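Okay, run.cif is below, mmCIF, C-alpha atoms:
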data_coords
#
loop_
_atom_site.group_PDB
_atom_site.id
_atom_site.type_symbol
_atom_site.label_atom_id
_atom_site.label_comp_id
_atom_site.auth_asym_id
_atom_site.auth_seq_id
_atom_site.Cartn_x
_atom_site.Cartn_y
_atom_site.Cartn_z
ATOM 1 C CA MET U 1 -142.705 227.572 43.014
ATOM 2 C CA ALA U 2 -140.224 228.493 45.744
ATOM 3 C CA SER U 3 -140.429 228.762 49.536
ATOM 4 C CA GLU U 4 -138.772 230.891 52.187
ATOM 5 C CA SER U 5 -138.779 230.895 55.997
ATOM 6 C CA ASN U 6 -140.142 233.983 57.747
ATOM 7 C CA LEU U 7 -138.846 235.404 61.022
ATOM 8 C CA ASN U 8 -141.646 233.710 62.950
ATOM 9 C CA GLY U 9 -140.640 230.288 61.684
ATOM 10 C CA THR U 10 -143.400 229.814 59.162
ATOM 11 C CA VAL U 11 -142.702 228.658 55.654
ATOM 12 C CA ALA U 12 -144.289 230.739 52.920
ATOM 13 C CA VAL U 13 -144.874 229.954 49.287
ATOM 14 C CA PHE U 14 -143.971 232.293 46.443
ATOM 15 C CA LEU U 15 -146.104 231.841 43.353
ATOM 16 C CA PRO U 16 -144.610 232.594 39.919
ATOM 17 C CA SER U 17 -145.927 235.660 38.188
ATOM 18 C CA ARG U 18 -147.869 235.560 34.915
ATOM 19 C CA GLU U 19 -144.715 235.997 32.851
ATOM 20 C CA GLY U 20 -142.938 233.048 34.445
ATOM 21 C CA ASP U 21 -140.669 235.068 36.747
ATOM 22 C CA MET U 22 -140.770 234.673 40.491
ATOM 23 C CA ASP U 23 -143.086 237.213 42.121
ATOM 24 C CA THR U 24 -141.418 239.668 44.490
ATOM 25 C CA LYS U 25 -144.569 240.364 46.521
ATOM 26 C CA PRO U 26 -144.806 239.148 50.143
ATOM 27 C CA PRO U 27 -145.944 235.532 50.513
ATOM 28 C CA ALA U 28 -149.699 235.183 50.482
ATOM 29 C CA TRP U 29 -150.048 232.041 52.637
ATOM 30 C CA PRO U 30 -147.830 230.320 55.242
ATOM 31 C CA LEU U 31 -147.817 226.538 55.008
ATOM 32 C CA ASN U 32 -147.964 225.988 58.780
ATOM 33 C CA ALA U 33 -150.331 228.824 59.649
ATOM 34 C CA SER U 34 -152.652 228.574 62.626
ATOM 35 C CA GLY U 35 -156.199 227.320 62.238
ATOM 36 C CA THR U 36 -157.660 230.777 62.809
ATOM 37 C CA LEU U 37 -156.726 231.817 59.275
ATOM 38 C CA THR U 38 -158.770 230.854 56.235
ATOM 39 C CA PRO U 39 -156.674 229.390 53.412
ATOM 40 C CA PRO U 40 -157.056 230.937 49.947
ATOM 41 C CA LEU U 41 -159.146 229.060 47.410
ATOM 42 C CA PRO U 42 -156.212 227.622 45.385
ATOM 43 C CA ALA U 43 -154.791 226.123 48.601
ATOM 44 C CA SER U 44 -158.082 224.586 49.790
ATOM 45 C CA CYS U 45 -158.752 220.913 49.136
ATOM 46 C CA ASP U 46 -160.978 218.256 50.726
ATOM 47 C CA ARG U 47 -158.848 215.301 49.686
ATOM 48 C CA HIS U 48 -158.007 214.535 53.318
ATOM 49 C CA ASP U 49 -161.708 214.239 54.153
ATOM 50 C CA ARG U 50 -162.463 211.896 51.240
ATOM 51 C CA LEU U 51 -162.395 208.150 51.753
ATOM 52 C CA ASP U 52 -160.271 207.544 48.668
ATOM 53 C CA GLY U 53 -157.902 210.432 49.450
ATOM 54 C CA VAL U 54 -158.044 211.668 45.851
ATOM 55 C CA CYS U 55 -158.612 215.303 44.928
ATOM 56 C CA SER U 56 -161.782 215.835 42.894
ATOM 57 C CA LYS U 57 -159.831 217.572 40.117
ATOM 58 C CA ASP U 58 -157.858 214.343 39.594
ATOM 59 C CA LEU U 59 -160.985 212.252 39.012
ATOM 60 C CA LYS U 60 -161.479 211.281 35.376
ATOM 61 C CA ASP U 61 -164.681 211.147 33.372
ATOM 62 C CA ASP U 62 -165.598 208.211 31.156
ATOM 63 C CA ASP U 63 -165.174 210.436 28.081
ATOM 64 C CA ASP U 64 -161.710 211.818 28.827
ATOM 65 C CA ARG U 65 -160.714 213.001 25.357
ATOM 66 C CA THR U 66 -158.375 215.953 24.905
ATOM 67 C CA LEU U 67 -159.913 218.622 22.697
ATOM 68 C CA ILE U 68 -157.839 220.940 20.530
ATOM 69 C CA ASP U 69 -158.161 224.721 20.532
ATOM 70 C CA PRO U 70 -161.559 225.408 18.894
ATOM 71 C CA ASP U 71 -160.160 228.291 16.836
ATOM 72 C CA ILE U 72 -157.509 226.035 15.296
ATOM 73 C CA ILE U 73 -160.052 223.266 14.736
ATOM 74 C CA ARG U 74 -162.374 225.752 13.046
ATOM 75 C CA ASP U 75 -159.647 226.888 10.640
ATOM 76 C CA ILE U 76 -158.584 223.308 9.858
ATOM 77 C CA ILE U 77 -162.171 222.242 9.192
ATOM 78 C CA ILE U 78 -162.849 225.242 6.959
ATOM 79 C CA GLY U 79 -159.696 224.648 4.922
ATOM 80 C CA LEU U 80 -159.919 220.859 4.631
ATOM 81 C CA SER U 81 -163.657 220.666 4.008
ATOM 82 C CA ASP U 82 -163.533 223.270 1.250
ATOM 83 C CA GLY U 83 -160.393 221.699 -0.158
ATOM 84 C CA LEU U 84 -161.949 218.244 -0.296
ATOM 85 C CA THR U 85 -165.281 219.332 -1.776
ATOM 86 C CA ALA U 86 -164.596 222.245 -4.148
ATOM 87 C CA PRO U 87 -161.687 220.746 -6.195
ATOM 88 C CA PHE U 88 -163.366 217.346 -6.081
ATOM 89 C CA ALA U 89 -166.569 218.823 -7.491
ATOM 90 C CA LEU U 90 -164.560 220.702 -10.142
ATOM 91 C CA ALA U 91 -162.627 217.570 -11.104
ATOM 92 C CA ALA U 92 -165.849 215.578 -11.329
ATOM 93 C CA GLY U 93 -167.423 218.232 -13.507
ATOM 94 C CA LEU U 94 -164.429 218.488 -15.868
ATOM 95 C CA SER U 95 -164.241 214.689 -16.104
ATOM 96 C CA SER U 96 -167.332 214.749 -18.281
ATOM 97 C CA LEU U 97 -165.169 216.403 -20.982
ATOM 98 C CA GLY U 98 -162.990 213.270 -21.159
ATOM 99 C CA SER U 99 -159.424 214.628 -20.728
ATOM 100 C CA SER U 100 -157.391 214.043 -17.575
ATOM 101 C CA ARG U 101 -154.925 216.762 -18.613
ATOM 102 C CA LEU U 102 -157.728 219.299 -18.645
ATOM 103 C CA VAL U 103 -158.815 218.173 -15.181
ATOM 104 C CA VAL U 104 -155.246 218.461 -13.839
ATOM 105 C CA VAL U 105 -154.699 221.942 -15.265
ATOM 106 C CA GLY U 106 -158.061 223.205 -14.075
ATOM 107 C CA GLY U 107 -157.675 221.515 -10.695
ATOM 108 C CA ILE U 108 -154.219 222.992 -10.025
ATOM 109 C CA ALA U 109 -155.461 226.433 -11.027
ATOM 110 C CA GLU U 110 -158.372 225.997 -8.620
ATOM 111 C CA LEU U 111 -156.002 224.834 -5.878
ATOM 112 C CA MET U 112 -153.696 227.830 -6.151
ATOM 113 C CA ALA U 113 -156.460 230.396 -6.462
ATOM 114 C CA GLY U 114 -158.572 228.749 -3.781
ATOM 115 C CA ALA U 115 -155.734 228.440 -1.251
ATOM 116 C CA ILE U 116 -154.755 232.096 -1.690
ATOM 117 C CA SER U 117 -158.362 233.236 -1.586
ATOM 118 C CA MET U 118 -159.178 231.166 1.495
ATOM 119 C CA GLY U 119 -156.036 232.383 3.281
ATOM 120 C CA ILE U 120 -156.831 236.013 2.532
ATOM 121 C CA GLY U 121 -160.404 235.453 3.654
ATOM 122 C CA GLY U 122 -159.251 233.989 6.961
ATOM 123 C CA PHE U 123 -156.842 236.903 7.471
ATOM 124 C CA LEU U 124 -159.505 239.521 6.761
ATOM 125 C CA ALA U 125 -162.078 237.775 8.961
ATOM 126 C CA SER U 126 -159.683 237.516 11.931
ATOM 127 C CA SER U 127 -158.517 241.110 11.436
ATOM 128 C CA ALA U 128 -162.095 242.364 11.382
ATOM 129 C CA GLU U 129 -162.883 240.419 14.558
ATOM 130 C CA ARG U 130 -159.760 241.807 16.241
ATOM 131 C CA ASP U 131 -160.589 245.394 15.226
ATOM 132 C CA ARG U 132 -164.142 245.032 16.516
ATOM 133 C CA CYS U 133 -162.852 243.672 19.841
ATOM 134 C CA HIS U 134 -160.521 246.666 20.232
ATOM 135 C CA TYR U 135 -163.345 249.057 19.404
ATOM 136 C CA MET U 136 -165.668 247.430 21.940
ATOM 137 C CA ARG U 137 -162.926 247.567 24.587
ATOM 138 C CA ARG U 138 -162.491 251.327 24.082
ATOM 139 C CA HIS U 139 -166.252 251.828 24.022
ATOM 140 C CA ILE U 140 -166.856 249.889 27.249
ATOM 141 C CA SER U 141 -163.905 251.551 29.000
ATOM 142 C CA ALA U 142 -165.189 255.018 28.137
ATOM 143 C CA ARG U 143 -168.691 254.070 29.285
ATOM 144 C CA MET U 144 -167.391 252.792 32.611
ATOM 145 C CA GLN U 145 -165.402 255.967 33.233
ATOM 146 C CA ARG U 146 -168.504 258.131 32.947
ATOM 147 C CA SER U 147 -170.851 255.706 34.744
ATOM 148 C CA CYS U 148 -171.965 255.909 38.342
ATOM 149 C CA VAL U 149 -171.647 253.013 40.764
ATOM 150 C CA ARG U 150 -175.276 251.983 40.322
ATOM 151 C CA GLN U 151 -174.923 251.817 36.571
ATOM 152 C CA MET U 152 -171.858 249.605 36.952
ATOM 153 C CA GLU U 153 -173.791 247.338 39.294
ATOM 154 C CA ARG U 154 -176.684 247.116 36.832
ATOM 155 C CA GLU U 155 -174.368 246.041 34.029
ATOM 156 C CA VAL U 156 -172.682 243.404 36.172
ATOM 157 C CA CYS U 157 -176.080 242.169 37.377
ATOM 158 C CA ALA U 158 -177.241 241.867 33.764
ATOM 159 C CA VAL U 159 -174.413 239.363 33.229
ATOM 160 C CA LEU U 160 -174.472 237.435 36.511
ATOM 161 C CA VAL U 161 -178.127 237.365 37.576
ATOM 162 C CA PRO U 162 -179.264 235.175 34.620
ATOM 163 C CA VAL U 163 -176.794 232.490 35.705
ATOM 164 C CA GLY U 164 -178.015 232.429 39.330
ATOM 165 C CA VAL U 165 -175.929 235.046 41.166
ATOM 166 C CA ASP U 166 -177.856 237.107 43.727
ATOM 167 C CA GLU U 167 -177.885 240.901 43.743
ATOM 168 C CA GLN U 168 -175.767 241.262 46.873
ATOM 169 C CA THR U 169 -173.002 239.132 45.394
ATOM 170 C CA CYS U 170 -173.221 241.113 42.155
ATOM 171 C CA GLN U 171 -172.620 244.308 44.120
ATOM 172 C CA ALA U 172 -169.566 242.757 45.797
ATOM 173 C CA VAL U 173 -168.228 241.601 42.409
ATOM 174 C CA THR U 174 -168.796 245.084 40.996
ATOM 175 C CA ARG U 175 -166.863 246.629 43.862
ATOM 176 C CA CYS U 176 -163.905 244.280 43.343
ATOM 177 C CA LEU U 177 -163.848 244.855 39.586
ATOM 178 C CA ARG U 178 -164.183 248.626 39.993
ATOM 179 C CA ASP U 179 -161.325 248.759 42.491
ATOM 180 C CA ALA U 180 -159.150 246.645 40.188
ATOM 181 C CA GLU U 181 -159.746 248.896 37.189
ATOM 182 C CA PHE U 182 -159.822 252.329 38.793
ATOM 183 C CA ASP U 183 -157.322 251.838 41.612
ATOM 184 C CA PRO U 184 -155.003 254.880 41.599
ATOM 185 C CA GLU U 185 -151.917 252.702 41.908
ATOM 186 C CA VAL U 186 -152.915 250.786 38.806
ATOM 187 C CA SER U 187 -154.009 253.683 36.638
ATOM 188 C CA ALA U 188 -151.359 256.208 37.690
ATOM 189 C CA ASN U 189 -149.011 257.403 34.982
ATOM 190 C CA GLY U 190 -145.300 257.621 35.426
ATOM 191 C CA SER U 191 -145.074 254.893 38.059
ATOM 192 C CA SER U 192 -141.533 254.226 39.117
ATOM 193 C CA SER U 193 -141.698 251.170 41.367
ATOM 194 C CA ASP U 194 -141.490 247.643 39.984
ATOM 195 C CA GLU U 195 -144.749 246.692 41.680
ATOM 196 C CA GLU U 196 -146.677 249.528 40.041
ATOM 197 C CA ALA U 197 -145.111 248.727 36.683
ATOM 198 C CA GLN U 198 -146.274 245.122 37.074
ATOM 199 C CA LEU U 199 -149.801 246.329 37.848
ATOM 200 C CA LEU U 200 -149.819 248.603 34.813
ATOM 201 C CA ARG U 201 -148.723 245.726 32.595
ATOM 202 C CA TRP U 202 -151.898 243.775 33.398
ATOM 203 C CA LYS U 203 -154.260 246.753 33.587
ATOM 204 C CA ASP U 204 -156.092 245.829 30.373
ATOM 205 C CA GLN U 205 -156.753 242.312 31.637
ATOM 206 C CA VAL U 206 -158.461 243.106 34.957
ATOM 207 C CA GLY U 207 -161.432 245.181 35.981
ATOM 208 C CA LEU U 208 -164.901 245.976 34.712
ATOM 209 C CA THR U 209 -163.944 246.507 31.069
ATOM 210 C CA PRO U 210 -162.414 243.041 30.457
ATOM 211 C CA PHE U 211 -165.252 241.446 32.451
ATOM 212 C CA LEU U 212 -168.029 243.110 30.445
ATOM 213 C CA LEU U 213 -166.147 242.578 27.185
ATOM 214 C CA LYS U 214 -165.760 238.839 27.736
ATOM 215 C CA PHE U 215 -168.951 237.892 29.555
ATOM 216 C CA GLY U 216 -171.250 240.698 28.460
ATOM 217 C CA GLU U 217 -170.296 240.963 24.799
ATOM 218 C CA GLY U 218 -168.832 237.465 24.430
ATOM 219 C CA MET U 219 -165.607 238.778 22.895
ATOM 220 C CA GLU U 220 -161.954 238.071 23.611
ATOM 221 C CA ASP U 221 -158.912 239.825 22.224
ATOM 222 C CA ILE U 222 -157.204 238.173 19.252
ATOM 223 C CA SER U 223 -153.434 238.384 19.014
ATOM 224 C CA ILE U 224 -151.748 239.417 15.786
ATOM 225 C CA CYS U 225 -150.091 235.982 15.648
ATOM 226 C CA ARG U 226 -153.526 234.402 15.661
ATOM 227 C CA VAL U 227 -154.538 236.539 12.667
ATOM 228 C CA TYR U 228 -151.631 235.284 10.557
ATOM 229 C CA SER U 229 -151.862 231.692 11.776
ATOM 230 C CA SER U 230 -155.551 231.584 10.864
ATOM 231 C CA ALA U 231 -154.767 232.613 7.298
ATOM 232 C CA LEU U 232 -151.923 230.081 7.059
ATOM 233 C CA ILE U 233 -153.933 227.170 8.494
ATOM 234 C CA ILE U 234 -156.953 227.779 6.260
ATOM 235 C CA GLY U 235 -154.818 228.172 3.125
ATOM 236 C CA LEU U 236 -152.707 225.085 3.800
ATOM 237 C CA GLY U 237 -155.805 223.093 4.751
ATOM 238 C CA PHE U 238 -157.414 223.922 1.426
ATOM 239 C CA LEU U 239 -154.207 223.018 -0.432
ATOM 240 C CA VAL U 240 -153.783 219.677 1.332
ATOM 241 C CA GLY U 241 -157.438 218.743 1.005
ATOM 242 C CA GLY U 242 -157.661 219.825 -2.625
ATOM 243 C CA ILE U 243 -154.722 217.793 -3.906
ATOM 244 C CA ILE U 244 -156.292 214.484 -2.812
ATOM 245 C CA PRO U 245 -159.072 214.309 -5.445
ATOM 246 C CA LEU U 246 -156.573 215.190 -8.202
ATOM 247 C CA ILE U 247 -154.059 212.417 -7.469
ATOM 248 C CA PRO U 248 -155.616 209.778 -9.816
ATOM 249 C CA TYR U 249 -155.700 212.233 -12.721
ATOM 250 C CA PHE U 250 -151.897 212.474 -12.671
ATOM 251 C CA PHE U 251 -151.575 208.731 -13.459
ATOM 252 C CA VAL U 252 -154.711 207.801 -15.434
ATOM 253 C CA PRO U 253 -155.097 209.522 -18.837
ATOM 254 C CA GLN U 254 -158.808 208.710 -19.210
ATOM 255 C CA ALA U 255 -160.748 211.189 -17.121
ATOM 256 C CA HIS U 256 -163.809 208.987 -16.654
ATOM 257 C CA VAL U 257 -161.614 206.161 -15.286
ATOM 258 C CA ALA U 258 -159.654 208.531 -13.070
ATOM 259 C CA LEU U 259 -162.958 209.872 -11.761
ATOM 260 C CA VAL U 260 -163.817 206.442 -10.345
ATOM 261 C CA TYR U 261 -160.510 206.256 -8.459
ATOM 262 C CA SER U 262 -160.904 209.870 -7.356
ATOM 263 C CA CYS U 263 -164.377 209.137 -5.966
ATOM 264 C CA ILE U 264 -163.079 206.120 -4.034
ATOM 265 C CA ILE U 265 -160.052 207.952 -2.582
ATOM 266 C CA THR U 266 -161.970 211.116 -1.770
ATOM 267 C CA GLY U 267 -164.834 209.140 -0.266
ATOM 268 C CA ILE U 268 -162.483 207.291 2.078
ATOM 269 C CA VAL U 269 -160.760 210.542 3.068
ATOM 270 C CA LEU U 270 -164.107 212.249 3.657
ATOM 271 C CA LEU U 271 -165.196 209.397 5.919
ATOM 272 C CA ILE U 272 -161.966 209.573 7.910
ATOM 273 C CA PHE U 273 -162.110 213.349 8.043
ATOM 274 C CA GLY U 274 -165.706 213.322 9.286
ATOM 275 C CA ALA U 275 -164.945 210.792 12.026
ATOM 276 C CA VAL U 276 -161.831 212.656 13.181
ATOM 277 C CA LYS U 277 -163.746 215.936 13.156
ATOM 278 C CA ALA U 278 -166.436 214.437 15.369
ATOM 279 C CA ARG U 279 -163.728 213.177 17.714
ATOM 280 C CA VAL U 280 -161.670 216.355 18.152
ATOM 281 C CA THR U 281 -164.656 218.706 18.341
ATOM 282 C CA GLY U 282 -166.478 216.602 20.934
ATOM 283 C CA ALA U 283 -169.551 216.274 18.681
ATOM 284 C CA GLY U 284 -169.385 212.502 18.473
ATOM 285 C CA GLN U 285 -170.631 210.530 21.481
ATOM 286 C CA GLY U 286 -169.635 206.924 21.039
ATOM 287 C CA VAL U 287 -169.387 204.922 17.829
ATOM 288 C CA GLY U 288 -172.725 206.190 16.533
ATOM 289 C CA GLY U 289 -171.568 209.804 16.742
ATOM 290 C CA TYR U 290 -168.383 209.050 14.817
ATOM 291 C CA ILE U 291 -170.311 207.168 12.141
ATOM 292 C CA TRP U 292 -172.781 210.012 11.736
ATOM 293 C CA GLY U 293 -169.955 212.543 11.472
ATOM 294 C CA ALA U 294 -168.249 210.454 8.785
ATOM 295 C CA VAL U 295 -171.420 209.766 6.775
ATOM 296 C CA SER U 296 -172.682 213.368 6.919
ATOM 297 C CA THR U 297 -169.341 214.695 5.665
ATOM 298 C CA LEU U 298 -169.345 212.135 2.844
ATOM 299 C CA LEU U 299 -172.886 213.081 1.834
ATOM 300 C CA VAL U 300 -172.041 216.774 1.634
ATOM 301 C CA GLY U 301 -168.952 216.190 -0.505
ATOM 302 C CA GLY U 302 -170.738 213.649 -2.709
ATOM 303 C CA ALA U 303 -173.701 215.965 -3.281
ATOM 304 C CA ALA U 304 -171.396 218.801 -4.345
ATOM 305 C CA ALA U 305 -169.484 216.565 -6.756
ATOM 306 C CA ALA U 306 -172.673 215.087 -8.251
ATOM 307 C CA ALA U 307 -174.182 218.526 -8.780
ATOM 308 C CA ALA U 308 -171.038 219.826 -10.483
ATOM 309 C CA TYR U 309 -170.733 216.757 -12.714
ATOM 310 C CA ALA U 310 -174.386 216.965 -13.773
ATOM 311 C CA LEU U 311 -174.170 220.707 -14.487
ATOM 312 C CA VAL U 312 -171.036 220.468 -16.643
ATOM 313 C CA ALA U 313 -172.445 217.446 -18.517
ATOM 314 C CA TRP U 314 -175.672 219.316 -19.190
ATOM 315 C CA LEU U 315 -173.811 222.393 -20.448
ATOM 316 C CA ASP U 316 -171.616 220.230 -22.692
ATOM 317 C CA ASP U 317 -174.652 218.611 -24.297
ATOM 318 C CA ALA U 318 -176.525 221.875 -24.711
#
Structure encoded using structure tokens:
Amino acid sequence: MASESNLNGTVAVFLPSREGDMDTKPPAWPLNASGTLTPPLPASCDRHDRLDGVCSKDLKDDDDRTLIDPDIIRDIIIGLSDGLTAPFALAAGLSSLGSSRLVVVGGIAELMAGAISMGIGGFLASSAERDRCHYMRRHISARMQRSCVRQMEREVCAVLVPVGVDEQTCQAVTRCLRDAEFDPEVSANGSSSDEEAQLLRWKDQVGLTPFLLKFGEGMEDISICRVYSSALIIGLGFLVGGIIPLIPYFFVPQAHVALVYSCIITGIVLLIFGAVKARVTGAGQGVGGYIWGAVSTLLVGGAAAAAAYALVAWLDDA
């Protein structure tokens, strides 16, 4: 943020633009303006009227945990949970045959195939979601271009009225969004000035179409980097989670003995994983929430391993 003195002696603030560069537009608010002007919302604060003198945004809640991006958490959970349960269940099932070497070979094959398959699945799922978002953006944009003002207001009201916004405010919001999307300076082609070029750069992020896409359809655009990172995170998560149940089989030749160590190690990891998952996702409230997250994750993994072990043992005896 930078400041500059105007000719009338006031000091104005320049806010950085969305790309990190300093904005070249005229200052929006003088710091020592007269009381007849209304300050913009970002500059308004009641800290001076509070007894403690602290801004409300600086007040902390009792549960002040920092949550990670839900998309990243989702990919990590998918990869690790599948990696901990599927190879563990396979190793438990093959342990009934008695050879640790067989478990290691089958487990590594499952790890490689599973990691590649899970990564490809994450890539295809994110790509499909991204393609659908782009289609819906084009569809909504075309619908808005052929819609009348009343139809635009009805669509905005359908989003805002259920959350308590009155009809008059919805009409004002519609007018602002319509002007932002269909303003001639924004939508003109061949603009030469820097200001118009800046407006064109953010055209797809303002107006009725982005509003209805995000709040009406519940969709947000997915970057191409997110598509590849999703595949990488899911694949690596499966690989890391899947190698844990196989560790004892590398050192213990008897499969039934290695299975005991594998159950202990995997059980501890599942408990830790469940507790951490409850923490970072915000699902756990207090110690009881963390315990439930750990126990539920352990029960799911244990049930899968027990089912696989019983099925392979039954087929071997048949």
Å distance separating atom CA of U:Leu177 from atom CA of U:Asp69, one decimal place:
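For atom CA of U:Leu177 relative to atom CA of U:Asp69, the distance reads 28.3 Å.
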Quick one: apply the PyMOL selection byres ((chain U and resi 238-250) around 7) to the file and drop the selected residues here as a VMD selection string.
chain U and resid 79 to 80 82 to 84 87 to 88 100 104 107 111 115 234 to 237 251 to 253 255 258 261 to 262 266
Generate a file of the selected residues that holds C-alpha atoms, formatted as a compact mmCIF listing (two decimals), in the frame of the given file.
# COMPACT_ATOMS: atom_id res chain seq x y z
CA GLY U 79 -159.70 224.65 4.92
CA LEU U 80 -159.92 220.86 4.63
CA ASP U 82 -163.53 223.27 1.25
CA GLY U 83 -160.39 221.70 -0.16
CA LEU U 84 -161.95 218.24 -0.30
CA PRO U 87 -161.69 220.75 -6.20
CA PHE U 88 -163.37 217.35 -6.08
CA SER U 100 -157.39 214.04 -17.58
CA VAL U 104 -155.25 218.46 -13.84
CA GLY U 107 -157.68 221.52 -10.70
CA LEU U 111 -156.00 224.83 -5.88
CA ALA U 115 -155.73 228.44 -1.25
CA ILE U 234 -156.95 227.78 6.26
CA GLY U 235 -154.82 228.17 3.12
CA LEU U 236 -152.71 225.08 3.80
CA GLY U 237 -155.80 223.09 4.75
CA PHE U 251 -151.57 208.73 -13.46
CA VAL U 252 -154.71 207.80 -15.43
CA PRO U 253 -155.10 209.52 -18.84
CA ALA U 255 -160.75 211.19 -17.12
CA ALA U 258 -159.65 208.53 -13.07
CA TYR U 261 -160.51 206.26 -8.46
CA SER U 262 -160.90 209.87 -7.36
CA THR U 266 -161.97 211.12 -1.77
Selected by the PyMOL selection byres ((chain U and resi 153) around 12) in the shown coordinates: which residues, as a PDB file with C-alpha atoms, in the frame of the given file?
ATOM      1  CA  MET U 144    -167.391 252.792  32.611  1.00  0.00           C
ATOM      2  CA  SER U 147    -170.851 255.706  34.744  1.00  0.00           C
ATOM      3  CA  CYS U 148    -171.965 255.909  38.342  1.00  0.00           C
ATOM      4  CA  VAL U 149    -171.647 253.013  40.764  1.00  0.00           C
ATOM      5  CA  ARG U 150    -175.276 251.983  40.322  1.00  0.00           C
ATOM      6  CA  GLN U 151    -174.923 251.817  36.571  1.00  0.00           C
ATOM      7  CA  MET U 152    -171.858 249.605  36.952  1.00  0.00           C
ATOM      8  CA  ARG U 154    -176.684 247.116  36.832  1.00  0.00           C
ATOM      9  CA  GLU U 155    -174.368 246.041  34.029  1.00  0.00           C
ATOM     10  CA  VAL U 156    -172.682 243.404  36.172  1.00  0.00           C
ATOM     11  CA  CYS U 157    -176.080 242.169  37.377  1.00  0.00           C
ATOM     12  CA  ALA U 158    -177.241 241.867  33.764  1.00  0.00           C
ATOM     13  CA  VAL U 159    -174.413 239.363  33.229  1.00  0.00           C
ATOM     14  CA  LEU U 160    -174.472 237.435  36.511  1.00  0.00           C
ATOM     15  CA  VAL U 161    -178.127 237.365  37.576  1.00  0.00           C
ATOM     16  CA  ASP U 166    -177.856 237.107  43.727  1.00  0.00           C
ATOM     17  CA  GLU U 167    -177.885 240.901  43.743  1.00  0.00           C
ATOM     18  CA  GLN U 168    -175.767 241.262  46.873  1.00  0.00           C
ATOM     19  CA  THR U 169    -173.002 239.132  45.394  1.00  0.00           C
ATOM     20  CA  CYS U 170    -173.221 241.113  42.155  1.00  0.00           C
ATOM     21  CA  GLN U 171    -172.620 244.308  44.120  1.00  0.00           C
ATOM     22  CA  ALA U 172    -169.566 242.757  45.797  1.00  0.00           C
ATOM     23  CA  VAL U 173    -168.228 241.601  42.409  1.00  0.00           C
ATOM     24  CA  THR U 174    -168.796 245.084  40.996  1.00  0.00           C
ATOM     25  CA  ARG U 175    -166.863 246.629  43.862  1.00  0.00           C
ATOM     26  CA  CYS U 176    -163.905 244.280  43.343  1.00  0.00           C
ATOM     27  CA  LEU U 177    -163.848 244.855  39.586  1.00  0.00           C
ATOM     28  CA  ARG U 178    -164.183 248.626  39.993  1.00  0.00           C
ATOM     29  CA  LEU U 208    -164.901 245.976  34.712  1.00  0.00           C
ATOM     30  CA  LEU U 212    -168.029 243.110  30.445  1.00  0.00           C
TER      31      LEU U 212
END
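Computed from the coordinates, the atom CA of U:Gly301 to atom CA of U:Asp317 distance equals 24.6 Å.
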For a test of reading the model, state the distance in Å between atom CA of U:Ile108 and atom CA of U:Leu124, rounded to one decimal.
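Value for the atom CA of U:Ile108-atom CA of U:Leu124 distance: 24.1 Å.
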Nearby residues, (-162.6, 248.4, 31.6) file frame, 7 Å, all atoms listed in the file, as an MDAnalysis selection string:
chainID U and resid 140:141 144 181 207:210
Can you pull out the residues contacting U:Gln254? Cut-off 9 Å, using all atoms listed in the file, and skip same-chain residues under 5 positions away; I want them as a ChimeraX atom specification.
/U:95,98-101,249,259
Generate a file of the selected residues that holds C-alpha atoms, formatted as a PDB file, in the frame of the given file.
ATOM      1  CA  SER U  95    -164.241 214.689 -16.104  1.00  0.00           C
ATOM      2  CA  GLY U  98    -162.990 213.270 -21.159  1.00  0.00           C
ATOM      3  CA  SER U  99    -159.424 214.628 -20.728  1.00  0.00           C
ATOM      4  CA  SER U 100    -157.391 214.043 -17.575  1.00  0.00           C
ATOM      5  CA  ARG U 101    -154.925 216.762 -18.613  1.00  0.00           C
ATOM      6  CA  TYR U 249    -155.700 212.233 -12.721  1.00  0.00           C
ATOM      7  CA  LEU U 259    -162.958 209.872 -11.761  1.00  0.00           C
TER       8      LEU U 259
END
